[in-house]
file input.pdb (PDB, N, CA and C atoms)
ATOM      1  N   MET A   1       0.831  -1.188   0.000  1.00  0.00           N
ATOM      2  CA  MET A   1       0.000   0.000   0.000  1.00  0.00           C
ATOM      3  C   MET A   1       0.873   1.249   0.000  1.00  0.00           C
ATOM      4  N   PRO A   2       0.478   2.287  -0.717  1.00  0.00           N
ATOM      5  CA  PRO A   2       1.291   3.494  -0.801  1.00  0.00           C
ATOM      6  C   PRO A   2       1.567   4.144   0.547  1.00  0.00           C
ATOM      7  N   GLY A   3       0.633   4.089   1.481  1.00  0.00           N
ATOM      8  CA  GLY A   3       0.829   4.746   2.764  1.00  0.00           C
ATOM      9  C   GLY A   3       1.841   4.053   3.657  1.00  0.00           C
ATOM     10  N   ASP A   4       2.286   2.851   3.263  1.00  0.00           N
ATOM     11  CA  ASP A   4       3.206   2.078   4.094  1.00  0.00           C
ATOM     12  C   ASP A   4       4.674   2.389   3.813  1.00  0.00           C
ATOM     13  N   TYR A   5       4.971   3.137   2.779  1.00  0.00           N
ATOM     14  CA  TYR A   5       6.351   3.444   2.455  1.00  0.00           C
ATOM     15  C   TYR A   5       6.885   4.526   3.387  1.00  0.00           C
ATOM     16  N   PRO A   6       8.120   4.343   3.909  1.00  0.00           N
ATOM     17  CA  PRO A   6       8.681   5.318   4.846  1.00  0.00           C
ATOM     18  C   PRO A   6       8.775   6.728   4.264  1.00  0.00           C
ATOM     19  N   HIS A   7       9.090   6.856   2.972  1.00  0.00           N
ATOM     20  CA  HIS A   7       9.229   8.195   2.390  1.00  0.00           C
ATOM     21  C   HIS A   7       7.897   8.935   2.398  1.00  0.00           C
ATOM     22  N   ASN A   8       6.793   8.225   2.363  1.00  0.00           N
ATOM     23  CA  ASN A   8       5.488   8.882   2.439  1.00  0.00           C
ATOM     24  C   ASN A   8       5.266   9.489   3.813  1.00  0.00           C
ATOM     25  N   ASP A   9       5.758   8.822   4.870  1.00  0.00           N
ATOM     26  CA  ASP A   9       5.648   9.370   6.218  1.00  0.00           C
ATOM     27  C   ASP A   9       6.462  10.658   6.334  1.00  0.00           C
ATOM     28  N   ALA A  10       7.652  10.644   5.734  1.00  0.00           N
ATOM     29  CA  ALA A  10       8.492  11.843   5.777  1.00  0.00           C
ATOM     30  C   ALA A  10       7.829  12.980   5.020  1.00  0.00           C
ATOM     31  N   ALA A  11       7.275  12.681   3.857  1.00  0.00           N
ATOM     32  CA  ALA A  11       6.598  13.713   3.068  1.00  0.00           C
ATOM     33  C   ALA A  11       5.385  14.250   3.817  1.00  0.00           C
ATOM     34  N   LYS A  12       4.659  13.366   4.458  1.00  0.00           N
ATOM     35  CA  LYS A  12       3.490  13.790   5.229  1.00  0.00           C
ATOM     36  C   LYS A  12       3.911  14.723   6.364  1.00  0.00           C
ATOM     37  N   SER A  13       5.002  14.403   7.028  1.00  0.00           N
ATOM     38  CA  SER A  13       5.512  15.220   8.125  1.00  0.00           C
ATOM     39  C   SER A  13       5.909  16.607   7.623  1.00  0.00           C
ATOM     40  N   ILE A  14       6.551  16.660   6.470  1.00  0.00           N
ATOM     41  CA  ILE A  14       6.964  17.938   5.887  1.00  0.00           C
ATOM     42  C   ILE A  14       5.734  18.776   5.545  1.00  0.00           C
ATOM     43  N   VAL A  15       4.751  18.169   4.934  1.00  0.00           N
ATOM     44  CA  VAL A  15       3.524  18.884   4.560  1.00  0.00           C
ATOM     45  C   VAL A  15       2.808  19.395   5.797  1.00  0.00           C
ATOM     46  N   GLU A  16       2.706  18.559   6.829  1.00  0.00           N
ATOM     47  CA  GLU A  16       2.021  18.972   8.051  1.00  0.00           C
ATOM     48  C   GLU A  16       2.737  20.130   8.723  1.00  0.00           C
ATOM     49  N   SER A  17       4.065  20.107   8.774  1.00  0.00           N
ATOM     50  CA  SER A  17       4.800  21.201   9.411  1.00  0.00           C
ATOM     51  C   SER A  17       4.716  22.473   8.569  1.00  0.00           C
ATOM     52  N   ALA A  18       4.677  22.325   7.254  1.00  0.00           N
ATOM     53  CA  ALA A  18       4.559  23.493   6.381  1.00  0.00           C
ATOM     54  C   ALA A  18       3.220  24.186   6.568  1.00  0.00           C
ATOM     55  N   GLN A  19       2.190  23.409   6.862  1.00  0.00           N
ATOM     56  CA  GLN A  19       0.878  23.994   7.065  1.00  0.00           C
ATOM     57  C   GLN A  19       0.832  24.841   8.323  1.00  0.00           C
ATOM     58  N   LEU A  20       1.714  24.577   9.273  1.00  0.00           N
ATOM     59  CA  LEU A  20       1.736  25.326  10.517  1.00  0.00           C
ATOM     60  C   LEU A  20       2.585  26.589  10.417  1.00  0.00           C
ATOM     61  N   THR A  21       3.348  26.715   9.363  1.00  0.00           N
ATOM     62  CA  THR A  21       4.213  27.867   9.187  1.00  0.00           C
ATOM     63  C   THR A  21       3.442  29.009   8.545  1.00  0.00           C
ATOM     64  N   ARG A  22       3.460  30.148   9.201  1.00  0.00           N
ATOM     65  CA  ARG A  22       2.784  31.330   8.667  1.00  0.00           C
ATOM     66  C   ARG A  22       3.700  32.020   7.670  1.00  0.00           C
ATOM     67  N   LEU A  23       3.136  32.469   6.583  1.00  0.00           N
ATOM     68  CA  LEU A  23       3.885  33.181   5.566  1.00  0.00           C
ATOM     69  C   LEU A  23       3.695  34.682   5.772  1.00  0.00           C
ATOM     70  N   ILE A  24       4.793  35.407   5.897  1.00  0.00           N
ATOM     71  CA  ILE A  24       4.769  36.856   6.098  1.00  0.00           C
ATOM     72  C   ILE A  24       5.030  37.531   4.762  1.00  0.00           C
ATOM     73  N   ARG A  25       4.090  38.330   4.319  1.00  0.00           N
ATOM     74  CA  ARG A  25       4.216  39.047   3.045  1.00  0.00           C
ATOM     75  C   ARG A  25       5.053  40.312   3.221  1.00  0.00           C
ATOM     76  N   LYS A  26       5.542  40.829   2.108  1.00  0.00           N
ATOM     77  CA  LYS A  26       6.410  42.004   2.127  1.00  0.00           C
ATOM     78  C   LYS A  26       5.742  43.201   2.811  1.00  0.00           C
ATOM     79  N   HIS A  27       4.474  43.453   2.484  1.00  0.00           N
ATOM     80  CA  HIS A  27       3.801  44.612   3.086  1.00  0.00           C
ATOM     81  C   HIS A  27       3.583  44.421   4.590  1.00  0.00           C
ATOM     82  N   GLU A  28       3.382  43.167   5.027  1.00  0.00           N
ATOM     83  CA  GLU A  28       3.239  42.889   6.463  1.00  0.00           C
ATOM     84  C   GLU A  28       4.562  43.130   7.185  1.00  0.00           C
ATOM     85  N   LEU A  29       5.653  42.663   6.590  1.00  0.00           N
ATOM     86  CA  LEU A  29       6.972  42.847   7.188  1.00  0.00           C
ATOM     87  C   LEU A  29       7.300  44.330   7.287  1.00  0.00           C
ATOM     88  N   ALA A  30       7.012  45.069   6.222  1.00  0.00           N
ATOM     89  CA  ALA A  30       7.276  46.508   6.232  1.00  0.00           C
ATOM     90  C   ALA A  30       6.501  47.188   7.355  1.00  0.00           C
ATOM     91  N   LYS A  31       5.246  46.829   7.507  1.00  0.00           N
ATOM     92  CA  LYS A  31       4.410  47.429   8.549  1.00  0.00           C
ATOM     93  C   LYS A  31       4.949  47.101   9.943  1.00  0.00           C
ATOM     94  N   CYS A  32       5.312  45.839  10.158  1.00  0.00           N
ATOM     95  CA  CYS A  32       5.851  45.417  11.458  1.00  0.00           C
ATOM     96  C   CYS A  32       7.164  46.121  11.788  1.00  0.00           C
ATOM     97  N   MET A  33       7.978  46.353  10.757  1.00  0.00           N
ATOM     98  CA  MET A  33       9.285  46.975  10.961  1.00  0.00           C
ATOM     99  C   MET A  33       9.207  48.504  10.950  1.00  0.00           C
ATOM    100  N   GLY A  34       8.054  49.048  10.542  1.00  0.00           N
ATOM    101  CA  GLY A  34       7.901  50.504  10.495  1.00  0.00           C
ATOM    102  C   GLY A  34       8.655  51.142   9.343  1.00  0.00           C
ATOM    103  N   VAL A  35       8.756  50.412   8.224  1.00  0.00           N
ATOM    104  CA  VAL A  35       9.451  50.925   7.036  1.00  0.00           C
ATOM    105  C   VAL A  35       8.558  50.728   5.816  1.00  0.00           C
ATOM    106  N   SER A  36       8.976  51.269   4.693  1.00  0.00           N
ATOM    107  CA  SER A  36       8.212  51.099   3.452  1.00  0.00           C
ATOM    108  C   SER A  36       8.583  49.780   2.775  1.00  0.00           C
ATOM    109  N   THR A  37       7.748  49.369   1.831  1.00  0.00           N
ATOM    110  CA  THR A  37       8.071  48.155   1.072  1.00  0.00           C
ATOM    111  C   THR A  37       9.314  48.384   0.216  1.00  0.00           C
ATOM    112  N   LYS A  38       9.552  49.627  -0.192  1.00  0.00           N
ATOM    113  CA  LYS A  38      10.775  49.953  -0.945  1.00  0.00           C
ATOM    114  C   LYS A  38      12.013  49.687  -0.106  1.00  0.00           C
ATOM    115  N   THR A  39      11.930  49.990   1.192  1.00  0.00           N
ATOM    116  CA  THR A  39      13.055  49.716   2.090  1.00  0.00           C
ATOM    117  C   THR A  39      13.281  48.216   2.201  1.00  0.00           C
ATOM    118  N   ILE A  40      12.203  47.451   2.300  1.00  0.00           N
ATOM    119  CA  ILE A  40      12.327  45.989   2.330  1.00  0.00           C
ATOM    120  C   ILE A  40      13.021  45.506   1.066  1.00  0.00           C
ATOM    121  N   GLU A  41      12.647  46.062  -0.079  1.00  0.00           N
ATOM    122  CA  GLU A  41      13.279  45.688  -1.354  1.00  0.00           C
ATOM    123  C   GLU A  41      14.758  46.045  -1.361  1.00  0.00           C
ATOM    124  N   ARG A  42      15.110  47.211  -0.810  1.00  0.00           N
ATOM    125  CA  ARG A  42      16.525  47.609  -0.737  1.00  0.00           C
ATOM    126  C   ARG A  42      17.296  46.647   0.165  1.00  0.00           C
ATOM    127  N   TRP A  43      16.711  46.288   1.308  1.00  0.00           N
ATOM    128  CA  TRP A  43      17.361  45.351   2.223  1.00  0.00           C
ATOM    129  C   TRP A  43      17.568  43.999   1.555  1.00  0.00           C
ATOM    130  N   LEU A  44      16.584  43.564   0.772  1.00  0.00           N
ATOM    131  CA  LEU A  44      16.714  42.298   0.046  1.00  0.00           C
ATOM    132  C   LEU A  44      17.869  42.358  -0.941  1.00  0.00           C
ATOM    133  N   LYS A  45      17.909  43.443  -1.702  1.00  0.00           N
ATOM    134  CA  LYS A  45      18.950  43.609  -2.722  1.00  0.00           C
ATOM    135  C   LYS A  45      20.338  43.637  -2.073  1.00  0.00           C
ATOM    136  N   LYS A  46      20.414  44.252  -0.893  1.00  0.00           N
ATOM    137  CA  LYS A  46      21.673  44.365  -0.162  1.00  0.00           C
ATOM    138  C   LYS A  46      22.067  43.056   0.531  1.00  0.00           C
ATOM    139  N   GLY A  47      21.106  42.148   0.674  1.00  0.00           N
ATOM    140  CA  GLY A  47      21.381  40.896   1.359  1.00  0.00           C
ATOM    141  C   GLY A  47      21.181  40.986   2.867  1.00  0.00           C
ATOM    142  N   SER A  48      20.497  42.031   3.312  1.00  0.00           N
ATOM    143  CA  SER A  48      20.268  42.217   4.745  1.00  0.00           C
ATOM    144  C   SER A  48      19.132  41.364   5.291  1.00  0.00           C
ATOM    145  N   LEU A  49      18.287  40.855   4.417  1.00  0.00           N
ATOM    146  CA  LEU A  49      17.166  40.008   4.824  1.00  0.00           C
ATOM    147  C   LEU A  49      17.380  38.591   4.308  1.00  0.00           C
ATOM    148  N   PRO A  50      16.768  37.604   4.965  1.00  0.00           N
ATOM    149  CA  PRO A  50      16.838  36.247   4.415  1.00  0.00           C
ATOM    150  C   PRO A  50      16.141  36.185   3.055  1.00  0.00           C
ATOM    151  N   THR A  51      16.515  35.226   2.257  1.00  0.00           N
ATOM    152  CA  THR A  51      15.898  35.051   0.948  1.00  0.00           C
ATOM    153  C   THR A  51      14.449  34.599   1.115  1.00  0.00           C
ATOM    154  N   PRO A  52      13.517  35.320   0.489  1.00  0.00           N
ATOM    155  CA  PRO A  52      12.106  34.939   0.610  1.00  0.00           C
ATOM    156  C   PRO A  52      11.740  33.833  -0.371  1.00  0.00           C
ATOM    157  N   PHE A  53      10.557  33.258  -0.164  1.00  0.00           N
ATOM    158  CA  PHE A  53       9.993  32.368  -1.169  1.00  0.00           C
ATOM    159  C   PHE A  53       9.605  33.244  -2.352  1.00  0.00           C
ATOM    160  N   MET A  54       9.864  32.762  -3.573  1.00  0.00           N
ATOM    161  CA  MET A  54       9.593  33.560  -4.761  1.00  0.00           C
ATOM    162  C   MET A  54       8.869  32.730  -5.814  1.00  0.00           C
ATOM    163  N   THR A  55       8.179  33.432  -6.715  1.00  0.00           N
ATOM    164  CA  THR A  55       7.545  32.760  -7.836  1.00  0.00           C
ATOM    165  C   THR A  55       8.614  32.430  -8.872  1.00  0.00           C
ATOM    166  N   ARG A  56       8.254  31.670  -9.863  1.00  0.00           N
ATOM    167  CA  ARG A  56       9.202  31.341 -10.940  1.00  0.00           C
ATOM    168  C   ARG A  56       9.640  32.578 -11.706  1.00  0.00           C
ATOM    169  N   THR A  57       8.798  33.609 -11.709  1.00  0.00           N
ATOM    170  CA  THR A  57       9.138  34.831 -12.438  1.00  0.00           C
ATOM    171  C   THR A  57       9.942  35.806 -11.587  1.00  0.00           C
ATOM    172  N   GLY A  58      10.216  35.419 -10.334  1.00  0.00           N
ATOM    173  CA  GLY A  58      11.058  36.256  -9.483  1.00  0.00           C
ATOM    174  C   GLY A  58      10.320  37.196  -8.552  1.00  0.00           C
ATOM    175  N   ARG A  59       8.999  37.115  -8.518  1.00  0.00           N
ATOM    176  CA  ARG A  59       8.233  37.959  -7.600  1.00  0.00           C
ATOM    177  C   ARG A  59       8.302  37.383  -6.189  1.00  0.00           C
ATOM    178  N   THR A  60       8.475  38.266  -5.215  1.00  0.00           N
ATOM    179  CA  THR A  60       8.535  37.845  -3.822  1.00  0.00           C
ATOM    180  C   THR A  60       7.163  37.424  -3.342  1.00  0.00           C
ATOM    181  N   ILE A  61       7.076  36.242  -2.751  1.00  0.00           N
ATOM    182  CA  ILE A  61       5.832  35.767  -2.162  1.00  0.00           C
ATOM    183  C   ILE A  61       5.814  36.116  -0.681  1.00  0.00           C
ATOM    184  N   GLY A  62       6.894  35.794   0.012  1.00  0.00           N
ATOM    185  CA  GLY A  62       6.979  36.096   1.435  1.00  0.00           C
ATOM    186  C   GLY A  62       7.994  35.209   2.134  1.00  0.00           C
ATOM    187  N   TRP A  63       8.034  35.344   3.455  1.00  0.00           N
ATOM    188  CA  TRP A  63       8.971  34.611   4.289  1.00  0.00           C
ATOM    189  C   TRP A  63       8.209  33.744   5.274  1.00  0.00           C
ATOM    190  N   ALA A  64       8.776  32.612   5.610  1.00  0.00           N
ATOM    191  CA  ALA A  64       8.217  31.788   6.677  1.00  0.00           C
ATOM    192  C   ALA A  64       8.454  32.534   7.984  1.00  0.00           C
ATOM    193  N   SER A  65       7.465  32.527   8.856  1.00  0.00           N
ATOM    194  CA  SER A  65       7.578  33.278  10.106  1.00  0.00           C
ATOM    195  C   SER A  65       8.791  32.834  10.919  1.00  0.00           C
ATOM    196  N   HIS A  66       9.078  31.519  10.931  1.00  0.00           N
ATOM    197  CA  HIS A  66      10.235  31.041  11.695  1.00  0.00           C
ATOM    198  C   HIS A  66      11.551  31.533  11.088  1.00  0.00           C
ATOM    199  N   GLN A  67      11.567  31.737   9.784  1.00  0.00           N
ATOM    200  CA  GLN A  67      12.757  32.247   9.089  1.00  0.00           C
ATOM    201  C   GLN A  67      13.047  33.679   9.542  1.00  0.00           C
ATOM    202  N   LEU A  68      11.995  34.500   9.623  1.00  0.00           N
ATOM    203  CA  LEU A  68      12.175  35.889  10.057  1.00  0.00           C
ATOM    204  C   LEU A  68      12.488  35.973  11.546  1.00  0.00           C
ATOM    205  N   GLU A  69      11.922  35.075  12.325  1.00  0.00           N
ATOM    206  CA  GLU A  69      12.213  35.061  13.766  1.00  0.00           C
ATOM    207  C   GLU A  69      13.685  34.747  14.003  1.00  0.00           C
ATOM    208  N   LYS A  70      14.205  33.777  13.275  1.00  0.00           N
ATOM    209  CA  LYS A  70      15.625  33.427  13.384  1.00  0.00           C
ATOM    210  C   LYS A  70      16.493  34.623  12.967  1.00  0.00           C
ATOM    211  N   TRP A  71      16.129  35.288  11.882  1.00  0.00           N
ATOM    212  CA  TRP A  71      16.854  36.451  11.396  1.00  0.00           C
ATOM    213  C   TRP A  71      16.820  37.572  12.445  1.00  0.00           C
ATOM    214  N   ARG A  72      15.662  37.786  13.052  1.00  0.00           N
ATOM    215  CA  ARG A  72      15.520  38.849  14.071  1.00  0.00           C
ATOM    216  C   ARG A  72      16.416  38.560  15.263  1.00  0.00           C
ATOM    217  N   ILE A  73      16.434  37.319  15.720  1.00  0.00           N
ATOM    218  CA  ILE A  73      17.263  36.944  16.871  1.00  0.00           C
ATOM    219  C   ILE A  73      18.736  37.123  16.552  1.00  0.00           C
ATOM    220  N   GLU A  74      19.161  36.728  15.355  1.00  0.00           N
ATOM    221  CA  GLU A  74      20.558  36.827  14.959  1.00  0.00           C
ATOM    222  C   GLU A  74      21.026  38.264  14.743  1.00  0.00           C
ATOM    223  N   ASN A  75      20.111  39.153  14.341  1.00  0.00           N
ATOM    224  CA  ASN A  75      20.498  40.500  13.966  1.00  0.00           C
ATOM    225  C   ASN A  75      20.119  41.592  14.965  1.00  0.00           C
ATOM    226  N   PHE A  76      19.240  41.289  15.878  1.00  0.00           N
ATOM    227  CA  PHE A  76      18.775  42.299  16.835  1.00  0.00           C
ATOM    228  C   PHE A  76      18.842  41.756  18.245  1.00  0.00           C
ATOM    229  N   LYS A  77      20.062  41.473  18.701  1.00  0.00           N
ATOM    230  CA  LYS A  77      20.260  40.889  20.038  1.00  0.00           C
ATOM    231  C   LYS A  77      20.127  41.932  21.114  1.00  0.00           C
TER
END

call {"tool": "encode", "arguments": {"input": "input.pdb", "output": "structure tokens"}}
result
Amino acid sequence: MPGDYPHNDAAKSIVESAQLTRLIRKHELAKCMGVSTKTIERWLKKGSLPTPFMTRTGRTIGWASHQLEKWRIENFK
């Protein structure tokens, strides 16, 4: 049966954990940080922010909340 393969359990675990991760959009991040979306774009270009999830055409979708939390802890001690 397909559900009995170990790799299916791993895939299921990945999918379940991904569903719990909140995606933070660029405009939300800008609002939380008190800056404009243009500033977020400048920080991205400079490499000051973690790499966001992007579409195939290169449009920014957003960041996983845990990714930004890790970045905040590392950069704002």

call {"tool": "select_by_dssp", "arguments": {"input": "input.pdb", "residues": "segment 9-76 of chain A", "states": "strand (DSSP E or B)", "output": "JSON, numbers by chain"}}
result
{"A": [23, 24, 53, 54, 60, 61, 62, 63, 64]}

call {"tool": "write_last_selection", "arguments": {"input": "input.pdb", "atoms": "N, CA and C atoms", "output": "compact mmCIF listing (two decimals), keeping the file's coordinate frame"}}
result
# COMPACT_ATOMS: atom_id res chain seq x y z
N LEU A 23 3.14 32.47 6.58
CA LEU A 23 3.88 33.18 5.57
C LEU A 23 3.70 34.68 5.77
N ILE A 24 4.79 35.41 5.90
CA ILE A 24 4.77 36.86 6.10
C ILE A 24 5.03 37.53 4.76
N PHE A 53 10.56 33.26 -0.16
CA PHE A 53 9.99 32.37 -1.17
C PHE A 53 9.60 33.24 -2.35
N MET A 54 9.86 32.76 -3.57
CA MET A 54 9.59 33.56 -4.76
C MET A 54 8.87 32.73 -5.81
N THR A 60 8.48 38.27 -5.22
CA THR A 60 8.54 37.84 -3.82
C THR A 60 7.16 37.42 -3.34
N ILE A 61 7.08 36.24 -2.75
CA ILE A 61 5.83 35.77 -2.16
C ILE A 61 5.81 36.12 -0.68
N GLY A 62 6.89 35.79 0.01
CA GLY A 62 6.98 36.10 1.44
C GLY A 62 7.99 35.21 2.13
N TRP A 63 8.03 35.34 3.46
CA TRP A 63 8.97 34.61 4.29
C TRP A 63 8.21 33.74 5.27
N ALA A 64 8.78 32.61 5.61
CA ALA A 64 8.22 31.79 6.68
C ALA A 64 8.45 32.53 7.98

call {"tool": "atom_distance", "arguments": {"input": "input.pdb", "atom1": "atom CA of Trp63 of chain A", "atom2": "atom CA of Ile24 of chain A"}}
result
5.1 Å

call {"tool": "residues_around", "arguments": {"input": "input.pdb", "residues": "segment 36-43 of chain A", "least_positions_apart": "5", "cutoff": "12 Å", "atoms": "only C-alpha atoms", "output": "list in words"}}
result
Arg25, Lys26, His27, Glu28, Leu29, Ala30, Lys31, Ser48, Leu49, Pro50, Thr51, Pro52, Arg59, Thr60 and Gly62 of chain A

call {"tool": "write_last_selection", "arguments": {"input": "input.pdb", "atoms": "N, CA and C atoms", "output": "mmCIF file, in the frame of the given file"}}
result
data_model
loop_
_atom_site.group_PDB
_atom_site.id
_atom_site.type_symbol
_atom_site.label_atom_id
_atom_site.label_comp_id
_atom_site.auth_asym_id
_atom_site.auth_seq_id
_atom_site.Cartn_x
_atom_site.Cartn_y
_atom_site.Cartn_z
ATOM 1 N N ARG A 25 4.090 38.330 4.319
ATOM 2 C CA ARG A 25 4.216 39.047 3.045
ATOM 3 C C ARG A 25 5.053 40.312 3.221
ATOM 4 N N LYS A 26 5.542 40.829 2.108
ATOM 5 C CA LYS A 26 6.410 42.004 2.127
ATOM 6 C C LYS A 26 5.742 43.201 2.811
ATOM 7 N N HIS A 27 4.474 43.453 2.484
ATOM 8 C CA HIS A 27 3.801 44.612 3.086
ATOM 9 C C HIS A 27 3.583 44.421 4.590
ATOM 10 N N GLU A 28 3.382 43.167 5.027
ATOM 11 C CA GLU A 28 3.239 42.889 6.463
ATOM 12 C C GLU A 28 4.562 43.130 7.185
ATOM 13 N N LEU A 29 5.653 42.663 6.590
ATOM 14 C CA LEU A 29 6.972 42.847 7.188
ATOM 15 C C LEU A 29 7.300 44.330 7.287
ATOM 16 N N ALA A 30 7.012 45.069 6.222
ATOM 17 C CA ALA A 30 7.276 46.508 6.232
ATOM 18 C C ALA A 30 6.501 47.188 7.355
ATOM 19 N N LYS A 31 5.246 46.829 7.507
ATOM 20 C CA LYS A 31 4.410 47.429 8.549
ATOM 21 C C LYS A 31 4.949 47.101 9.943
ATOM 22 N N SER A 48 20.497 42.031 3.312
ATOM 23 C CA SER A 48 20.268 42.217 4.745
ATOM 24 C C SER A 48 19.132 41.364 5.291
ATOM 25 N N LEU A 49 18.287 40.855 4.417
ATOM 26 C CA LEU A 49 17.166 40.008 4.824
ATOM 27 C C LEU A 49 17.380 38.591 4.308
ATOM 28 N N PRO A 50 16.768 37.604 4.965
ATOM 29 C CA PRO A 50 16.838 36.247 4.415
ATOM 30 C C PRO A 50 16.141 36.185 3.055
ATOM 31 N N THR A 51 16.515 35.226 2.257
ATOM 32 C CA THR A 51 15.898 35.051 0.948
ATOM 33 C C THR A 51 14.449 34.599 1.115
ATOM 34 N N PRO A 52 13.517 35.320 0.489
ATOM 35 C CA PRO A 52 12.106 34.939 0.610
ATOM 36 C C PRO A 52 11.740 33.833 -0.371
ATOM 37 N N ARG A 59 8.999 37.115 -8.518
ATOM 38 C CA ARG A 59 8.233 37.959 -7.600
ATOM 39 C C ARG A 59 8.302 37.383 -6.189
ATOM 40 N N THR A 60 8.475 38.266 -5.215
ATOM 41 C CA THR A 60 8.535 37.845 -3.822
ATOM 42 C C THR A 60 7.163 37.424 -3.342
ATOM 43 N N GLY A 62 6.894 35.794 0.012
ATOM 44 C CA GLY A 62 6.979 36.096 1.435
ATOM 45 C C GLY A 62 7.994 35.209 2.134
#

call {"tool": "closest_residue", "arguments": {"input": "input.pdb", "among": "A:Ser65, A:Met33, A:Lys45, A:Thr55", "to": "Thr21 of chain A", "atoms": "only C-alpha atoms"}}
result
A:Ser65

call {"tool": "atom_distance", "arguments": {"input": "input.pdb", "atom1": "atom CA of Arg22 of chain A", "atom2": "atom CA of Ala64 of chain A"}}
result
5.8 Å

call {"tool": "atom_distance", "arguments": {"input": "input.pdb", "atom1": "atom C of Gly58 of chain A", "atom2": "atom C of Arg72 of chain A"}}
result
24.6 Å

call {"tool": "build_atoms", "arguments": {"input": "input.pdb", "residues": "segment 20-34 of chain A", "atoms": "N, CA, C and O atoms", "output": "mmCIF file, in the frame of the given file"}}
result
data_model
loop_
_atom_site.group_PDB
_atom_site.id
_atom_site.type_symbol
_atom_site.label_atom_id
_atom_site.label_comp_id
_atom_site.auth_asym_id
_atom_site.auth_seq_id
_atom_site.Cartn_x
_atom_site.Cartn_y
_atom_site.Cartn_z
ATOM 1 N N LEU A 20 1.714 24.577 9.273
ATOM 2 C CA LEU A 20 1.736 25.326 10.517
ATOM 3 C C LEU A 20 2.585 26.589 10.417
ATOM 4 O O LEU A 20 2.545 27.420 11.302
ATOM 5 N N THR A 21 3.348 26.715 9.363
ATOM 6 C CA THR A 21 4.213 27.867 9.187
ATOM 7 C C THR A 21 3.442 29.009 8.545
ATOM 8 O O THR A 21 2.864 28.851 7.485
ATOM 9 N N ARG A 22 3.460 30.148 9.201
ATOM 10 C CA ARG A 22 2.784 31.330 8.667
ATOM 11 C C ARG A 22 3.700 32.020 7.670
ATOM 12 O O ARG A 22 4.893 32.150 7.902
ATOM 13 N N LEU A 23 3.136 32.469 6.583
ATOM 14 C CA LEU A 23 3.885 33.181 5.566
ATOM 15 C C LEU A 23 3.695 34.682 5.772
ATOM 16 O O LEU A 23 2.563 35.163 5.848
ATOM 17 N N ILE A 24 4.793 35.407 5.897
ATOM 18 C CA ILE A 24 4.769 36.856 6.098
ATOM 19 C C ILE A 24 5.030 37.531 4.762
ATOM 20 O O ILE A 24 6.069 37.320 4.147
ATOM 21 N N ARG A 25 4.090 38.330 4.319
ATOM 22 C CA ARG A 25 4.216 39.047 3.045
ATOM 23 C C ARG A 25 5.053 40.312 3.221
ATOM 24 O O ARG A 25 5.236 40.805 4.333
ATOM 25 N N LYS A 26 5.542 40.829 2.108
ATOM 26 C CA LYS A 26 6.410 42.004 2.127
ATOM 27 C C LYS A 26 5.742 43.201 2.811
ATOM 28 O O LYS A 26 6.346 43.871 3.641
ATOM 29 N N HIS A 27 4.474 43.453 2.484
ATOM 30 C CA HIS A 27 3.801 44.612 3.086
ATOM 31 C C HIS A 27 3.583 44.421 4.590
ATOM 32 O O HIS A 27 3.644 45.377 5.353
ATOM 33 N N GLU A 28 3.382 43.167 5.027
ATOM 34 C CA GLU A 28 3.239 42.889 6.463
ATOM 35 C C GLU A 28 4.562 43.130 7.185
ATOM 36 O O GLU A 28 4.584 43.720 8.270
ATOM 37 N N LEU A 29 5.653 42.663 6.590
ATOM 38 C CA LEU A 29 6.972 42.847 7.188
ATOM 39 C C LEU A 29 7.300 44.330 7.287
ATOM 40 O O LEU A 29 7.787 44.794 8.317
ATOM 41 N N ALA A 30 7.012 45.069 6.222
ATOM 42 C CA ALA A 30 7.276 46.508 6.232
ATOM 43 C C ALA A 30 6.501 47.188 7.355
ATOM 44 O O ALA A 30 7.056 48.006 8.097
ATOM 45 N N LYS A 31 5.246 46.829 7.507
ATOM 46 C CA LYS A 31 4.410 47.429 8.549
ATOM 47 C C LYS A 31 4.949 47.101 9.943
ATOM 48 O O LYS A 31 5.053 47.974 10.799
ATOM 49 N N CYS A 32 5.312 45.839 10.158
ATOM 50 C CA CYS A 32 5.851 45.417 11.458
ATOM 51 C C CYS A 32 7.164 46.121 11.788
ATOM 52 O O CYS A 32 7.439 46.413 12.946
ATOM 53 N N MET A 33 7.978 46.353 10.757
ATOM 54 C CA MET A 33 9.285 46.975 10.961
ATOM 55 C C MET A 33 9.207 48.504 10.950
ATOM 56 O O MET A 33 10.189 49.172 11.252
ATOM 57 N N GLY A 34 8.054 49.048 10.542
ATOM 58 C CA GLY A 34 7.901 50.504 10.495
ATOM 59 C C GLY A 34 8.655 51.142 9.343
ATOM 60 O O GLY A 34 9.153 52.264 9.465
#
